Protein chains: 2
Amino acid sequence: MRCEIVAVGTELLLGQIVDTNSAWIGEQLALAGIDCHRHTAVGDNRDRMLAAMGEALERSDAVIVTGGLGPTQDDITRDVIAELLGVGLVRDESLVARIEAVFGGRGRPMPANNLRQADVPVGARTIDQMPGTAPGLVCPVGAVSSADGDDSPKVMYAVPGVPWEMHQMVEGTILPDLKRRAGISSVIRSRTLRTWGRSESGLAEDLADEIDRIDRDGGATIAFLASGMEGLKVRLTAKAATDAEVDALLADGEARVRAVAGPIVFGVDDQTMESVVLDLLVDQGLRLATAESLTGGMIGTRLTEVPGSSRAFVGSIVAYDGGVKRSLLGVPDGPVVSEEAVVAMALGACEQLGAEVSVAVTGVAGPDPQEGQEPGTVWMATCVDGEVEAVRTRWPFDRTRIRQFTVITVLDALRQRLLARQVG
Amino acid sequence: MRCEIVAVGTELLLGQIVDTNSAWIGEQLALAGIDCHRHTAVGDNRDRMLAAMGEALERSDAVIVTGGLGPTQDDITRDVIAELLGVGLVRDESLVARIEAVFGGRGRPMPANNLRQADVPVGARTIDQMPGTAPGLVCPVGAVSSADGDDSPKVMYAVPGVPWEMHQMVEGTILPDLKRRAGISSVIRSRTLRTWGRSESGLAEDLADEIDRIDRDGGATIAFLASGMEGLKVRLTAKAATDAEVDALLADGEARVRAVAGPIVFGVDDQTMESVVLDLLVDQGLRLATAESLTGGMIGTRLTEVPGSSRAFVGSIVAYDGGVKRSLLGVPDGPVVSEEAVVAMALGACEQLGAEVSVAVTGVAGPDPQEGQEPGTVWMATCVDGEVEAVRTRWPFDRTRIRQFTVITVLDALRQRLLARQVG
């Protein structure tokens with residue numbers, strides 16, 4: 001089974017929108033074990049769409065088209081598919097009712113234009129999932145021998161360009177249909193371990209024996225993906241006949257990676273450093289405050305992106321100005337990018353904000369040096385049970401990454417201390 | 001002149017990386033007046049690269065290939081171009097010296113692998129800009145009649161996938177070369193006016209007469225682009241024979257948009273709401289503090305993304321917890337999503353942080369209601385010269401956008417007050 005993706009939209013060619021849809025679908029196909037050999041983007045233009053979609057269908061067994069299913073005259077994916085397959089369009093009255101219902105639910109009348117969205121190429125069926133007003137399509141291509149039209153030699157799918165509508169249709173209908181057509185009865189699944197504190201090449205070295213063992217004996221495969229302040233991700237992927245077997249392979253792989261990588265693994269899948277730290281704090285009945293200079297509020301921003309963060313996070317004092325560091329946080333006279341300053345900030349945050357735990361950061365974001373110290377020079381501190389630990393680093397990065405790496409690094413230092421506290 | 005982009009990299013097909021390069025190049029081509037009809041992504045695979053690049057070259061006059069120019073065995077763009085054009089590769093000794101110099105500058109010896117990067121298809125020339133170790137290529141395709149090989153009927157360019165290396169090569173060599181080949185002697189340039197406070201459809205209505213006038217009489221064209229907390233962008237694009245004429249058209253277009261849109265225009269091109277507010281504060285000799293609840297520090301984070309923000313921004317009190325709002329900011333007992341609370345926060349920020357100006361926000365980020373108020377309910381306040389103005393809104397968005405729209409909206413309210421103060 002060979003698959004391709006065709007993204008439709010002049011705004012993609014003009015660079016007004018970045019095509020994140022093709023990347024997302026590509027990832028899902030890879031995880032499902034289906035080969036994807038090409039991504040193509042074309043404008044909302046009949047001739048060029050016909051050419052791109054026709055060529056894709058010639059090369060491949062399945063083509064997923066995204067975009068061009070809206071209600072306006074620009075949206076011609078339905079028409080082009082019908083023309084390519086040499087069939088007409090027929091209005092599906094049950095779809096008309098569903099689209100009208102969507103508008104009714106929003107308390108608005110349906111514009112006449114939206115009727116176009118109920119037109120379906122003859123021989124195609126609509127995708128059950130329909131979170132918006134644009135129906136997705138499954139279009140069998142070539143001779144069909146069974147009554148339900150599901151054994152065609154090739155197939156073309158059409159989904160809207162709106163990401164959350166597209167996601168539901170791909171997950172709910174297209175991936176299962178592709179796996180059925182490809183005869184993939186095996187289950188492929190991934191688990192991502194998020195790590196912090198080791199470089200990609202360093203971690204690859206640590207895991208070299210394990211990777212050799214997998215090559216030799218099989219098991220969940222390992223891939224690395226550096227993801228900035230989301231951590232260095234280690235993705236385990238396993239394939240087996242049943243859910244239970246896949247889960248066992250992933251559990252075994254995870255245990256082996258953890259045995260080597262140890263406490264640098266901070267989370268699994270969607271867990272972020274922030275959510276993990278907040279969970280540890282809640283478990284231990286502790287409240288967190290932050291004192292930020294360099295990061296300007298980014299630690300608090302990241303923490304409060306997690307719904308429910310108010311269970312453990314009380315607030316921050318962002319002391320960007322030296323005077324504020326002294327008046328509100330008790331930083332002594334002298335340099336503000338220093339151990340003395342960051343220790344005072346960590347203690348001051350606990351005291352002023354009424355928390356048992358704090359993190360504090362001060363440093364030089366650049367582009368210019370400060371107090372004779374180079375950009376990237378950063379002091380980070382954590383305060384737990386009244387005891388402060390401080391560490392200095394020097395990031396070889398630009399302003400943005402200096403700030404981002406500082407956020408995840410100081411939160412990881414807190415995580416390690418909370419873990420030790422739990423054990424101790 | 002018809003152009004296409006081919007992005008090379010298996011990681012693009014697998015969705016491990018989103019192809020932002022094609023979008024960026026597409027935008028530059030559009031601004032230069034060169035048509036781009038297709039984007040294609042293929043994996044690091046000889047046969048598929050040959051097919052995709054060959055088809056692109058058949059359809060179009062110019063093909064820009066990104067990626068596959070690195071030093072590893074996976075990086076085969078050089079080889080595939082040579083094969084496609086039916087020529088050999090020749091090692092360019094001056095390139096060897098340049099690549100060695102890059103490593104020397106970093107204090108590291110050059111791995112032998114990197115020598116491959118100095119191999120150039122016969123008949124091609126290297127792009128002058130070379131910020132990394134990967135040289136870019138200009139490869140004339142077809143018969144050349146002049147000695148410098150620059151009048152070939154078609155052309156293929158190859159640039160690295162690393163964005164900042166690619167950007168320099170496209171801007172410095174490829175766009176000028178494409179314009180020369182296309183005989184575009186005219187100048188096309190854009191200017192973006194950033195606005196806040198009016199919806200896209202509302203602003204389009206306001207400017208409808210002006211857009212009709214342009215259709216009729218010519219002038220800089222207008223396009224809208226909603227860009228979240230970067231504002232609603234109004235892009236003016238003008239084409240003329242000379243720089244001076246283009247500048248005049250853009251200046252005229254800008255004046256006309258400003259005459260209609262008035263003070264909702266907050267910045268031009270790369271100016272952000274934060275940089276504009278900071279400039280106004282510096283001009284007026286004022287210092288800014290913030291008191292944040294809902295946004296968790298995002299206002300401070302955004303302000304301190306601007307280098308030099310310490311000239312006007314002193315800091316924030318992030319009072320996520322109700323107790324902190326009362327103890328540090330003097331918020332009275334009672335609901336914390338209220339006019340009384342946000343007014344106290346704005347005054348408390350000025351007092352505690354020693355600033356003449358402040359902004360304050362408190363609200364319900366969701367997903368759950370708070371104090372009986374729905375997610376999206378937000379109070380925002382600005383304090384200037386001791387006077388507080390507060391306003392309530394209800395955003396119909398998710399958690400992320402509720403926070404982002406609050407940040408730009410409260411800073412815009414401050415901007416309006418600073419402008420009035422300047423005039424008054």
# chains A, B, ... in the order shown; residues from 1 in each chain; ligands from 1
>>> residues_around(residues="region 84-89 of chain A", least_positions_apart="6", cutoff="7 Å", atoms="only C-alpha atoms", output="short mmCIF file (atom, residue, chain, number, x, y, z; two decimals) with C-alpha atoms, in the first residue's frame")
data_model
loop_
_atom_site.label_atom_id
_atom_site.label_comp_id
_atom_site.auth_asym_id
_atom_site.auth_seq_id
_atom_site.Cartn_x
_atom_site.Cartn_y
_atom_site.Cartn_z
CA LEU A 50 -6.44 17.62 -11.91
CA GLY A 54 -4.16 12.40 -11.33
CA ASP A 119 -22.59 17.45 -3.37
CA VAL A 120 -20.91 14.04 -3.55
CA PRO A 121 -19.19 12.38 -6.53
CA VAL A 122 -21.21 9.40 -7.75
#
>>> select_by_dssp(residues="region 109-244 of chain B", states="strand (DSSP E or B)", output="VMD selection string")
chain B and resid 119 to 121 125 to 126 137 to 141 154 to 159 187 to 195 221 to 226 232 to 240
>>> atom_distance(atom1="CA of Gly315 (chain A)", atom2="CA of Val324 (chain B)")
7.3 Å
>>> atom_distance(atom1="CA of Pro176 (chain A)", atom2="CA of Leu13 (chain B)")
19.7 Å
>>> residues_around(residues="region 101-109 of chain B", least_positions_apart="5", cutoff="12 Å", atoms="only C-alpha atoms", output="list of chain:residue names")
B:Ser94, B:Leu95, B:Val96, B:Asn114, B:Leu115, B:Met130, B:Pro131, B:Gly132, B:Thr133, B:Ala134, B:Pro135
>>> write_last_selection(atoms="N, CA and C atoms", output="mmCIF file, in the first residue's frame")
data_model
loop_
_atom_site.group_PDB
_atom_site.id
_atom_site.type_symbol
_atom_site.label_atom_id
_atom_site.label_comp_id
_atom_site.auth_asym_id
_atom_site.auth_seq_id
_atom_site.Cartn_x
_atom_site.Cartn_y
_atom_site.Cartn_z
ATOM 1 N N SER B 94 38.374 25.225 -4.113
ATOM 2 C CA SER B 94 38.181 26.475 -3.363
ATOM 3 C C SER B 94 37.069 26.288 -2.323
ATOM 4 N N LEU B 95 36.094 25.430 -2.642
ATOM 5 C CA LEU B 95 35.043 25.117 -1.664
ATOM 6 C C LEU B 95 35.606 24.309 -0.502
ATOM 7 N N VAL B 96 36.494 23.386 -0.806
ATOM 8 C CA VAL B 96 37.127 22.606 0.265
ATOM 9 C C VAL B 96 37.762 23.565 1.271
ATOM 10 N N ASN B 114 32.716 15.740 5.208
ATOM 11 C CA ASN B 114 32.330 17.058 4.727
ATOM 12 C C ASN B 114 32.930 17.390 3.367
ATOM 13 N N LEU B 115 33.948 16.638 2.943
ATOM 14 C CA LEU B 115 34.519 16.852 1.606
ATOM 15 C C LEU B 115 33.451 16.680 0.535
ATOM 16 N N MET B 130 27.264 31.584 1.942
ATOM 17 C CA MET B 130 27.483 30.244 2.491
ATOM 18 C C MET B 130 27.692 30.367 3.998
ATOM 19 N N PRO B 131 26.580 30.543 4.731
ATOM 20 C CA PRO B 131 26.714 30.786 6.175
ATOM 21 C C PRO B 131 27.073 29.536 6.962
ATOM 22 N N GLY B 132 26.826 28.349 6.388
ATOM 23 C CA GLY B 132 27.178 27.113 7.089
ATOM 24 C C GLY B 132 28.267 26.384 6.310
ATOM 25 N N THR B 133 28.227 25.052 6.341
ATOM 26 C CA THR B 133 29.231 24.299 5.579
ATOM 27 C C THR B 133 28.646 23.768 4.274
ATOM 28 N N ALA B 134 27.332 23.957 4.060
ATOM 29 C CA ALA B 134 26.702 23.421 2.856
ATOM 30 C C ALA B 134 26.632 24.494 1.775
ATOM 31 N N PRO B 135 27.352 24.321 0.661
ATOM 32 C CA PRO B 135 27.252 25.292 -0.425
ATOM 33 C C PRO B 135 25.931 25.132 -1.167
#
>>> residues_around(residues="Asp47 (chain A)", least_positions_apart="4", cutoff="9 Å", atoms="only C-alpha atoms", output="VMD selection string")
chain A and resid 51 to 52 80
>>> residues_around(residues="region 66-68 of chain B", least_positions_apart="6", cutoff="12 Å", atoms="only C-alpha atoms", output="ChimeraX atom specification")
/B:4-12,19-25,39-46,49,53,74-81,116-117,134-137,156-163,165-167,169-170
>>> write_last_selection(atoms="C-alpha atoms", output="PDB file, in the first residue's frame")
ATOM      1  CA  GLU B   4       8.396  25.063  -8.335  1.00  0.00           C
ATOM      2  CA  ILE B   5       9.806  24.017  -4.998  1.00  0.00           C
ATOM      3  CA  VAL B   6      10.976  20.488  -4.170  1.00  0.00           C
ATOM      4  CA  ALA B   7      11.735  19.819  -0.494  1.00  0.00           C
ATOM      5  CA  VAL B   8      13.928  16.780   0.171  1.00  0.00           C
ATOM      6  CA  GLY B   9      13.913  14.850   3.433  1.00  0.00           C
ATOM      7  CA  THR B  10      12.364  11.646   4.741  1.00  0.00           C
ATOM      8  CA  GLU B  11      11.743  13.462   8.045  1.00  0.00           C
ATOM      9  CA  LEU B  12       9.289  15.741   6.171  1.00  0.00           C
ATOM     10  CA  ASP B  19       8.072  22.083   5.987  1.00  0.00           C
ATOM     11  CA  THR B  20       8.244  25.786   6.818  1.00  0.00           C
ATOM     12  CA  ASN B  21      10.898  26.307   4.112  1.00  0.00           C
ATOM     13  CA  SER B  22       8.500  25.888   1.191  1.00  0.00           C
ATOM     14  CA  ALA B  23       6.057  28.353   2.749  1.00  0.00           C
ATOM     15  CA  TRP B  24       8.814  30.915   3.275  1.00  0.00           C
ATOM     16  CA  ILE B  25      10.181  30.548  -0.263  1.00  0.00           C
ATOM     17  CA  HIS B  39       5.375  22.408  -3.734  1.00  0.00           C
ATOM     18  CA  THR B  40       6.573  18.815  -3.540  1.00  0.00           C
ATOM     19  CA  ALA B  41       8.186  16.926  -0.665  1.00  0.00           C
ATOM     20  CA  VAL B  42      10.045  13.644  -1.222  1.00  0.00           C
ATOM     21  CA  GLY B  43      12.231  11.426   0.923  1.00  0.00           C
ATOM     22  CA  ASP B  44      16.014  10.972   0.712  1.00  0.00           C
ATOM     23  CA  ASN B  45      15.626   8.362  -2.005  1.00  0.00           C
ATOM     24  CA  ARG B  46      17.430   8.497  -5.357  1.00  0.00           C
ATOM     25  CA  MET B  49      14.056  12.417  -5.993  1.00  0.00           C
ATOM     26  CA  MET B  53      12.831  16.828  -9.627  1.00  0.00           C
ATOM     27  CA  ASP B  74      21.771  10.344   3.172  1.00  0.00           C
ATOM     28  CA  ASP B  75      22.436  13.720   1.590  1.00  0.00           C
ATOM     29  CA  ILE B  76      22.280  12.994  -2.130  1.00  0.00           C
ATOM     30  CA  THR B  77      20.786  16.134  -3.700  1.00  0.00           C
ATOM     31  CA  ARG B  78      24.132  16.969  -5.395  1.00  0.00           C
ATOM     32  CA  ASP B  79      24.361  13.478  -6.882  1.00  0.00           C
ATOM     33  CA  VAL B  80      20.748  13.370  -8.049  1.00  0.00           C
ATOM     34  CA  ILE B  81      20.999  16.752  -9.770  1.00  0.00           C
ATOM     35  CA  ARG B 116      31.414  15.571  -0.209  1.00  0.00           C
ATOM     36  CA  GLN B 117      29.904  19.017   0.248  1.00  0.00           C
ATOM     37  CA  ALA B 134      26.702  23.421   2.856  1.00  0.00           C
ATOM     38  CA  PRO B 135      27.252  25.292  -0.425  1.00  0.00           C
ATOM     39  CA  GLY B 136      24.178  26.206  -2.464  1.00  0.00           C
ATOM     40  CA  LEU B 137      24.109  25.563  -6.212  1.00  0.00           C
ATOM     41  CA  MET B 156      17.673  24.378 -10.983  1.00  0.00           C
ATOM     42  CA  TYR B 157      18.784  25.756  -7.623  1.00  0.00           C
ATOM     43  CA  ALA B 158      19.799  23.722  -4.580  1.00  0.00           C
ATOM     44  CA  VAL B 159      19.893  25.183  -1.069  1.00  0.00           C
ATOM     45  CA  PRO B 160      20.334  23.558   2.364  1.00  0.00           C
ATOM     46  CA  GLY B 161      17.326  22.742   4.529  1.00  0.00           C
ATOM     47  CA  VAL B 162      18.652  24.756   7.471  1.00  0.00           C
ATOM     48  CA  PRO B 163      16.327  27.794   7.392  1.00  0.00           C
ATOM     49  CA  GLU B 165      21.319  29.278   5.620  1.00  0.00           C
ATOM     50  CA  MET B 166      18.595  28.874   3.007  1.00  0.00           C
ATOM     51  CA  HIS B 167      17.152  32.363   3.629  1.00  0.00           C
ATOM     52  CA  MET B 169      20.947  32.165  -0.352  1.00  0.00           C
ATOM     53  CA  VAL B 170      17.398  32.754  -1.606  1.00  0.00           C
TER      54      VAL B 170
END
>>> select_by_dssp(residues="region 235-267 of chain B", states="helix (DSSP H, G or I)", output="VMD selection string")
chain B and resid 243 to 264
>>> residues_around(residues="Ala255 (chain A)", least_positions_apart="5", cutoff="12 Å", atoms="only C-alpha atoms", output="number ranges by chain")
A: 191, 193, 210, 220, 236, 248-250, 260-262, 265
>>> write_last_selection(atoms="N, CA and C atoms", output="PDB file, in the first residue's frame")
ATOM      1  N   ARG A 191       5.250   5.071  21.901  1.00  0.00           N
ATOM      2  CA  ARG A 191       5.237   5.707  23.206  1.00  0.00           C
ATOM      3  C   ARG A 191       6.470   6.608  23.239  1.00  0.00           C
ATOM      4  N   LEU A 193       9.125   8.780  25.398  1.00  0.00           N
ATOM      5  CA  LEU A 193       9.691   9.134  26.703  1.00  0.00           C
ATOM      6  C   LEU A 193      10.383  10.482  26.536  1.00  0.00           C
ATOM      7  N   GLU A 210      21.576  -1.178  23.676  1.00  0.00           N
ATOM      8  CA  GLU A 210      20.165  -1.525  23.599  1.00  0.00           C
ATOM      9  C   GLU A 210      19.693  -1.479  22.145  1.00  0.00           C
ATOM     10  N   ALA A 220      10.692  -3.084  20.565  1.00  0.00           N
ATOM     11  CA  ALA A 220      10.285  -1.727  20.193  1.00  0.00           C
ATOM     12  C   ALA A 220      11.506  -0.953  19.687  1.00  0.00           C
ATOM     13  N   LEU A 236       9.577   5.182  21.230  1.00  0.00           N
ATOM     14  CA  LEU A 236       9.550   3.735  21.089  1.00  0.00           C
ATOM     15  C   LEU A 236       8.387   3.373  20.164  1.00  0.00           C
ATOM     16  N   ALA A 248       2.974  -4.948  25.604  1.00  0.00           N
ATOM     17  CA  ALA A 248       4.066  -5.642  26.294  1.00  0.00           C
ATOM     18  C   ALA A 248       5.414  -5.218  25.724  1.00  0.00           C
ATOM     19  N   LEU A 249       5.493  -5.096  24.385  1.00  0.00           N
ATOM     20  CA  LEU A 249       6.743  -4.666  23.757  1.00  0.00           C
ATOM     21  C   LEU A 249       7.115  -3.250  24.198  1.00  0.00           C
ATOM     22  N   LEU A 250       6.112  -2.357  24.232  1.00  0.00           N
ATOM     23  CA  LEU A 250       6.388  -0.969  24.626  1.00  0.00           C
ATOM     24  C   LEU A 250       6.807  -0.905  26.093  1.00  0.00           C
ATOM     25  N   VAL A 260      18.638   2.458  31.541  1.00  0.00           N
ATOM     26  CA  VAL A 260      19.871   3.130  31.113  1.00  0.00           C
ATOM     27  C   VAL A 260      19.810   4.627  31.418  1.00  0.00           C
ATOM     28  N   ALA A 261      18.693   5.247  31.046  1.00  0.00           N
ATOM     29  CA  ALA A 261      18.615   6.712  31.117  1.00  0.00           C
ATOM     30  C   ALA A 261      18.295   7.203  32.526  1.00  0.00           C
ATOM     31  N   GLY A 262      17.668   6.367  33.327  1.00  0.00           N
ATOM     32  CA  GLY A 262      17.398   6.727  34.707  1.00  0.00           C
ATOM     33  C   GLY A 262      16.540   7.973  34.833  1.00  0.00           C
ATOM     34  N   VAL A 265      14.586  10.728  32.340  1.00  0.00           N
ATOM     35  CA  VAL A 265      13.239  10.585  31.761  1.00  0.00           C
ATOM     36  C   VAL A 265      12.267  11.320  32.672  1.00  0.00           C
TER      37      VAL A 265
END
>>> atom_distance(atom1="CA of Gly308 (chain B)", atom2="CA of Arg403 (chain A)")
14.9 Å
>>> closest_residue(among="A:Gly253, A:Gly376, A:Gly197, A:Gly297", to="chain B", atoms="only C-alpha atoms")
A:Gly297
>>> closest_residue(among="B:Ser145, B:Met110, B:Leu294, B:Val155", to="Ala62 (chain B)", atoms="only C-alpha atoms")
B:Val155
>>> closest_residue(among="A:Val276, A:Leu69, A:Leu353, A:Ile402", to="chain B", atoms="only C-alpha atoms")
A:Leu353
